[in-house]
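See below for structure39.cif, which holds mmCIF, N, CA and C atoms.
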data_target
loop_
_atom_site.label_atom_id
_atom_site.label_comp_id
_atom_site.auth_asym_id
_atom_site.auth_seq_id
_atom_site.Cartn_x
_atom_site.Cartn_y
_atom_site.Cartn_z
N MET A 1 101.97 93.52 92.68
CA MET A 1 101.69 93.36 94.08
C MET A 1 100.90 92.05 94.22
N PHE A 2 101.30 91.26 95.20
CA PHE A 2 100.60 90.01 95.47
C PHE A 2 100.39 89.86 96.97
N TYR A 3 99.38 89.13 97.31
CA TYR A 3 99.31 88.60 98.66
C TYR A 3 98.80 87.18 98.57
N GLN A 4 99.39 86.34 99.36
CA GLN A 4 99.03 84.93 99.38
C GLN A 4 98.84 84.52 100.83
N MET A 5 97.59 84.33 101.20
CA MET A 5 97.30 83.93 102.57
C MET A 5 97.40 82.42 102.68
N ARG A 6 98.09 81.99 103.72
CA ARG A 6 98.24 80.56 103.97
C ARG A 6 97.29 80.17 105.09
N ARG A 7 96.59 79.08 104.87
CA ARG A 7 95.71 78.54 105.90
C ARG A 7 96.53 77.76 106.92
N GLU A 8 95.92 77.47 108.04
CA GLU A 8 96.61 76.74 109.09
C GLU A 8 97.15 75.40 108.61
N ASP A 9 96.44 74.76 107.66
CA ASP A 9 96.90 73.46 107.15
C ASP A 9 97.95 73.58 106.04
N GLY A 10 98.36 74.83 105.72
CA GLY A 10 99.40 75.06 104.71
C GLY A 10 98.87 75.32 103.32
N SER A 11 97.57 75.11 103.11
CA SER A 11 97.00 75.36 101.78
C SER A 11 96.85 76.87 101.55
N ILE A 12 96.68 77.24 100.28
CA ILE A 12 96.55 78.65 99.91
C ILE A 12 95.08 79.05 99.93
N ASP A 13 94.78 80.15 100.58
CA ASP A 13 93.43 80.67 100.64
C ASP A 13 93.01 81.15 99.25
N PRO A 14 91.81 80.77 98.77
CA PRO A 14 91.38 81.17 97.43
C PRO A 14 91.17 82.67 97.26
N PHE A 15 91.15 83.43 98.34
CA PHE A 15 91.00 84.88 98.23
C PHE A 15 92.34 85.58 98.03
N SER A 16 93.44 84.85 97.96
CA SER A 16 94.73 85.43 97.63
C SER A 16 94.62 86.04 96.23
N SER A 17 95.30 87.16 96.01
CA SER A 17 95.20 87.81 94.71
C SER A 17 96.37 88.75 94.48
N GLY A 18 96.30 89.49 93.41
CA GLY A 18 97.37 90.42 93.10
C GLY A 18 96.90 91.48 92.12
N THR A 19 97.80 92.40 91.82
CA THR A 19 97.54 93.45 90.84
C THR A 19 98.79 93.59 89.98
N LEU A 20 98.60 93.52 88.68
CA LEU A 20 99.70 93.74 87.74
C LEU A 20 99.63 95.18 87.28
N VAL A 21 100.73 95.92 87.43
CA VAL A 21 100.80 97.31 86.98
C VAL A 21 101.64 97.34 85.71
N GLU A 22 101.04 97.76 84.62
CA GLU A 22 101.72 97.84 83.33
C GLU A 22 102.61 99.08 83.27
N ALA A 23 103.49 99.13 82.29
CA ALA A 23 104.41 100.26 82.13
C ALA A 23 103.67 101.59 81.95
N ASP A 24 102.48 101.55 81.37
CA ASP A 24 101.70 102.78 81.16
C ASP A 24 100.88 103.19 82.39
N GLY A 25 101.01 102.41 83.48
CA GLY A 25 100.31 102.72 84.72
C GLY A 25 98.96 102.04 84.86
N SER A 26 98.48 101.40 83.80
CA SER A 26 97.21 100.69 83.90
C SER A 26 97.39 99.46 84.79
N THR A 27 96.30 99.02 85.39
CA THR A 27 96.37 97.89 86.31
C THR A 27 95.40 96.80 85.88
N ARG A 28 95.72 95.58 86.32
CA ARG A 28 94.84 94.43 86.05
C ARG A 28 94.82 93.55 87.29
N HIS A 29 93.63 93.21 87.75
CA HIS A 29 93.47 92.32 88.89
C HIS A 29 93.93 90.92 88.51
N LEU A 30 94.65 90.26 89.41
CA LEU A 30 95.10 88.88 89.22
C LEU A 30 94.43 88.00 90.26
N ALA A 31 93.67 87.03 89.79
CA ALA A 31 93.06 86.04 90.68
C ALA A 31 94.11 85.01 91.06
N VAL A 32 93.84 84.24 92.09
CA VAL A 32 94.80 83.26 92.60
C VAL A 32 95.29 82.30 91.50
N GLY A 33 94.46 82.01 90.50
CA GLY A 33 94.85 81.11 89.43
C GLY A 33 95.72 81.74 88.36
N ASP A 34 95.92 83.07 88.43
CA ASP A 34 96.73 83.78 87.43
C ASP A 34 98.22 83.79 87.74
N PHE A 35 98.58 83.38 88.95
CA PHE A 35 99.99 83.42 89.34
C PHE A 35 100.32 82.23 90.23
N ASP A 36 101.61 81.98 90.35
CA ASP A 36 102.09 80.90 91.21
C ASP A 36 103.23 81.45 92.05
N ILE A 37 103.18 81.22 93.33
CA ILE A 37 104.24 81.67 94.24
C ILE A 37 104.82 80.44 94.93
N GLN A 38 106.11 80.22 94.73
CA GLN A 38 106.81 79.11 95.37
C GLN A 38 107.80 79.68 96.38
N VAL A 39 107.76 79.18 97.60
CA VAL A 39 108.72 79.59 98.62
C VAL A 39 110.03 78.86 98.35
N GLU A 40 111.12 79.62 98.26
CA GLU A 40 112.43 79.02 98.00
C GLU A 40 113.30 78.95 99.24
N ASP A 41 112.99 79.76 100.25
CA ASP A 41 113.79 79.75 101.47
C ASP A 41 112.92 80.24 102.62
N THR A 42 113.33 79.92 103.83
CA THR A 42 112.61 80.36 105.02
C THR A 42 113.59 80.93 106.04
N TRP A 43 113.05 81.62 107.00
CA TRP A 43 113.82 82.17 108.11
C TRP A 43 113.13 81.75 109.39
N LYS A 44 113.91 81.30 110.36
CA LYS A 44 113.35 80.89 111.64
C LYS A 44 113.73 81.92 112.70
N SER A 45 112.73 82.46 113.36
CA SER A 45 112.96 83.43 114.42
C SER A 45 113.65 82.76 115.60
N PRO A 46 114.79 83.29 116.03
CA PRO A 46 115.45 82.71 117.20
C PRO A 46 114.68 82.98 118.49
N GLU A 47 113.79 83.97 118.46
CA GLU A 47 113.04 84.32 119.66
C GLU A 47 111.75 83.52 119.80
N SER A 48 110.98 83.42 118.72
CA SER A 48 109.68 82.76 118.82
C SER A 48 109.69 81.33 118.27
N GLY A 49 110.70 81.02 117.45
CA GLY A 49 110.73 79.71 116.80
C GLY A 49 109.84 79.63 115.57
N GLY A 50 109.13 80.72 115.26
CA GLY A 50 108.27 80.76 114.08
C GLY A 50 109.09 80.70 112.80
N VAL A 51 108.57 80.01 111.80
CA VAL A 51 109.25 79.89 110.50
C VAL A 51 108.47 80.70 109.48
N TYR A 52 109.20 81.58 108.76
CA TYR A 52 108.56 82.50 107.82
C TYR A 52 109.21 82.39 106.44
N PRO A 53 108.41 82.50 105.37
CA PRO A 53 109.00 82.52 104.03
C PRO A 53 109.93 83.72 103.90
N SER A 54 111.07 83.53 103.19
CA SER A 54 112.01 84.64 103.04
C SER A 54 112.59 84.76 101.64
N SER A 55 112.14 83.95 100.71
CA SER A 55 112.57 84.05 99.32
C SER A 55 111.51 83.34 98.47
N TRP A 56 111.13 83.97 97.35
CA TRP A 56 110.02 83.45 96.56
C TRP A 56 110.36 83.44 95.07
N LEU A 57 109.75 82.50 94.34
CA LEU A 57 109.77 82.48 92.89
C LEU A 57 108.32 82.71 92.47
N VAL A 58 108.07 83.85 91.82
CA VAL A 58 106.72 84.25 91.42
C VAL A 58 106.61 84.12 89.91
N SER A 59 105.61 83.37 89.45
CA SER A 59 105.41 83.18 88.01
C SER A 59 104.03 83.68 87.61
N LEU A 60 103.99 84.37 86.49
CA LEU A 60 102.73 84.78 85.85
C LEU A 60 102.73 84.16 84.46
N PRO A 61 102.25 82.93 84.33
CA PRO A 61 102.31 82.23 83.04
C PRO A 61 101.65 82.99 81.90
N GLY A 62 100.55 83.67 82.15
CA GLY A 62 99.85 84.42 81.11
C GLY A 62 100.63 85.62 80.60
N GLU A 63 101.63 86.05 81.36
CA GLU A 63 102.46 87.20 80.99
C GLU A 63 103.86 86.76 80.59
N ASP A 64 104.14 85.46 80.63
CA ASP A 64 105.48 84.93 80.37
C ASP A 64 106.51 85.66 81.25
N LEU A 65 106.19 85.74 82.55
CA LEU A 65 107.01 86.49 83.49
C LEU A 65 107.30 85.63 84.72
N THR A 66 108.57 85.60 85.11
CA THR A 66 108.99 84.91 86.34
C THR A 66 109.91 85.85 87.10
N LEU A 67 109.66 86.00 88.39
CA LEU A 67 110.44 86.89 89.25
C LEU A 67 110.97 86.11 90.44
N ARG A 68 112.23 86.31 90.78
CA ARG A 68 112.80 85.75 92.00
C ARG A 68 112.93 86.92 92.99
N ILE A 69 112.31 86.75 94.14
CA ILE A 69 112.28 87.82 95.14
C ILE A 69 113.03 87.35 96.38
N THR A 70 114.05 88.11 96.76
CA THR A 70 114.85 87.79 97.95
C THR A 70 115.07 89.07 98.75
N PRO A 71 115.04 88.97 100.06
CA PRO A 71 115.27 90.16 100.89
C PRO A 71 116.75 90.53 100.90
N LEU A 72 117.00 91.79 101.16
CA LEU A 72 118.37 92.24 101.36
C LEU A 72 118.84 91.73 102.71
N SER A 73 120.09 91.36 102.80
CA SER A 73 120.65 90.93 104.08
C SER A 73 120.92 92.15 104.94
N SER A 74 120.73 92.00 106.22
CA SER A 74 121.05 93.07 107.14
C SER A 74 121.58 92.47 108.42
N THR A 75 122.35 93.24 109.13
CA THR A 75 122.88 92.79 110.42
C THR A 75 122.09 93.48 111.52
N ARG A 76 121.56 92.68 112.43
CA ARG A 76 120.81 93.24 113.56
C ARG A 76 121.73 93.32 114.77
N ASN A 77 121.61 94.42 115.50
CA ASN A 77 122.40 94.60 116.72
C ASN A 77 121.61 94.13 117.91
#
Please express what this file holds, its structure, as structure tokens.
Amino acid sequence: MFYQMRREDGSIDPFSSGTLVEADGSTRHLAVGDFDIQVEDTWKSPESGGVYPSSWLVSLPGEDLTLRITPLSSTRN
């Protein structure tokens, strides 16, 4: 689990963090320096014009782990 708060100027808030859950159920707190989140795609709301991240590449160098996260496509009526 991660959260990455973006400041108004686009920089990452240092209070962003995460939790790594191991296979045995144990957890470890992840500070902002323990992971890297890169936005790979965005979505623009046709109603508000707001632009939101919609695909991410998450890396945990200390765990030799990289995840690509993309939302499922859906059709809105």
Using the chain letters and residue numbers of this document, give as a tab-separated table (two decimals) with N, CA and C atoms, in the frame of the given file the residues selected by the PyMOL selection byres ((chain A and resi 59) around 6.5).
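part19.tsv, freshly written:
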chain	number	residue	atom	x	y	z
A	34	ASP	N	95.92	83.07	88.43
A	34	ASP	CA	96.73	83.78	87.43
A	34	ASP	C	98.22	83.79	87.74
A	35	PHE	N	98.58	83.38	88.95
A	35	PHE	CA	99.99	83.42	89.34
A	35	PHE	C	100.32	82.23	90.23
A	36	ASP	N	101.61	81.98	90.35
A	36	ASP	CA	102.09	80.90	91.21
A	36	ASP	C	103.23	81.45	92.05
A	37	ILE	N	103.18	81.22	93.33
A	37	ILE	CA	104.24	81.67	94.24
A	37	ILE	C	104.82	80.44	94.93
A	38	GLN	N	106.11	80.22	94.73
A	38	GLN	CA	106.81	79.11	95.37
A	38	GLN	C	107.80	79.68	96.38
A	57	LEU	N	109.75	82.50	94.34
A	57	LEU	CA	109.77	82.48	92.89
A	57	LEU	C	108.32	82.71	92.47
A	58	VAL	N	108.07	83.85	91.82
A	58	VAL	CA	106.72	84.25	91.42
A	58	VAL	C	106.61	84.12	89.91
A	60	LEU	N	103.99	84.37	86.49
A	60	LEU	CA	102.73	84.78	85.85
A	60	LEU	C	102.73	84.16	84.46
A	61	PRO	N	102.25	82.93	84.33
A	61	PRO	CA	102.31	82.23	83.04
A	61	PRO	C	101.65	82.99	81.90
A	62	GLY	N	100.55	83.67	82.15
A	62	GLY	CA	99.85	84.42	81.11
A	62	GLY	C	100.63	85.62	80.60
A	65	LEU	N	106.19	85.74	82.55
A	65	LEU	CA	107.01	86.49	83.49
A	65	LEU	C	107.30	85.63	84.72
A	66	THR	N	108.57	85.60	85.11
A	66	THR	CA	108.99	84.91	86.34
A	66	THR	C	109.91	85.85	87.10
A	67	LEU	N	109.66	86.00	88.39
A	67	LEU	CA	110.44	86.89	89.25
A	67	LEU	C	110.97	86.11	90.44
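With distances taken over all atoms listed in the file, A:Pro14 is the one residue among A:Asp64, A:Leu20, A:Ser45, A:Pro14 lying closest to Val32 (chain A).
Between atom N of Ser16 (chain A) and atom C of Val51 (chain A) there is a distance of 19.4 Å.
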Residues matched by the PyMOL selection byres ((chain A and resi 3) around 6.5), written as a PDB file with N, CA and C atoms, in the frame of the given file:
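Saved as result_35.pdb:
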ATOM      1  N   MET A   1     101.970  93.520  92.680  1.00  0.00           N
ATOM      2  CA  MET A   1     101.690  93.360  94.080  1.00  0.00           C
ATOM      3  C   MET A   1     100.900  92.050  94.220  1.00  0.00           C
ATOM      4  N   PHE A   2     101.300  91.260  95.200  1.00  0.00           N
ATOM      5  CA  PHE A   2     100.600  90.010  95.470  1.00  0.00           C
ATOM      6  C   PHE A   2     100.390  89.860  96.970  1.00  0.00           C
ATOM      7  N   GLN A   4      99.390  86.340  99.360  1.00  0.00           N
ATOM      8  CA  GLN A   4      99.030  84.930  99.380  1.00  0.00           C
ATOM      9  C   GLN A   4      98.840  84.520 100.830  1.00  0.00           C
ATOM     10  N   MET A   5      97.590  84.330 101.200  1.00  0.00           N
ATOM     11  CA  MET A   5      97.300  83.930 102.570  1.00  0.00           C
ATOM     12  C   MET A   5      97.400  82.420 102.680  1.00  0.00           C
ATOM     13  N   SER A  16      93.440  84.850  97.960  1.00  0.00           N
ATOM     14  CA  SER A  16      94.730  85.430  97.630  1.00  0.00           C
ATOM     15  C   SER A  16      94.620  86.040  96.230  1.00  0.00           C
ATOM     16  N   SER A  17      95.300  87.160  96.010  1.00  0.00           N
ATOM     17  CA  SER A  17      95.200  87.810  94.710  1.00  0.00           C
ATOM     18  C   SER A  17      96.370  88.750  94.480  1.00  0.00           C
ATOM     19  N   GLY A  18      96.300  89.490  93.410  1.00  0.00           N
ATOM     20  CA  GLY A  18      97.370  90.420  93.100  1.00  0.00           C
ATOM     21  C   GLY A  18      96.900  91.480  92.120  1.00  0.00           C
TER      22      GLY A  18
END
Atom N of Pro71 (chain A) to atom C of Glu8 (chain A), straight-line distance in Å: 24.0 Å
Those of region 17-75 of chain A in DSSP strand (DSSP E or B), formatted as a ChimeraX atom specification: /A:17-21,27-31,36-44,51-60,65-69
Around all the atoms of region 49-68 of chain A listed in the file, with 4 Å of room on each side, what axis-aligned box do you get, giving centre and edge lengths in Å to one decimal, as AutoDock Vina command-line options?
--center_x 106.4 --center_y 83.4 --center_z 98.9 --size_x 21.1 --size_y 15.6 --size_z 45.1
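For the residues A:Lys44, A:Val39, A:Arg6, A:Ile12, ranking by smallest atom-to-atom distance to Trp56 (chain A) using only N, CA and C atoms places A:Val39 first.
Interatomic distance, CA of Glu63 (chain A) against CA of Gly25 (chain A): 16.1 Å.
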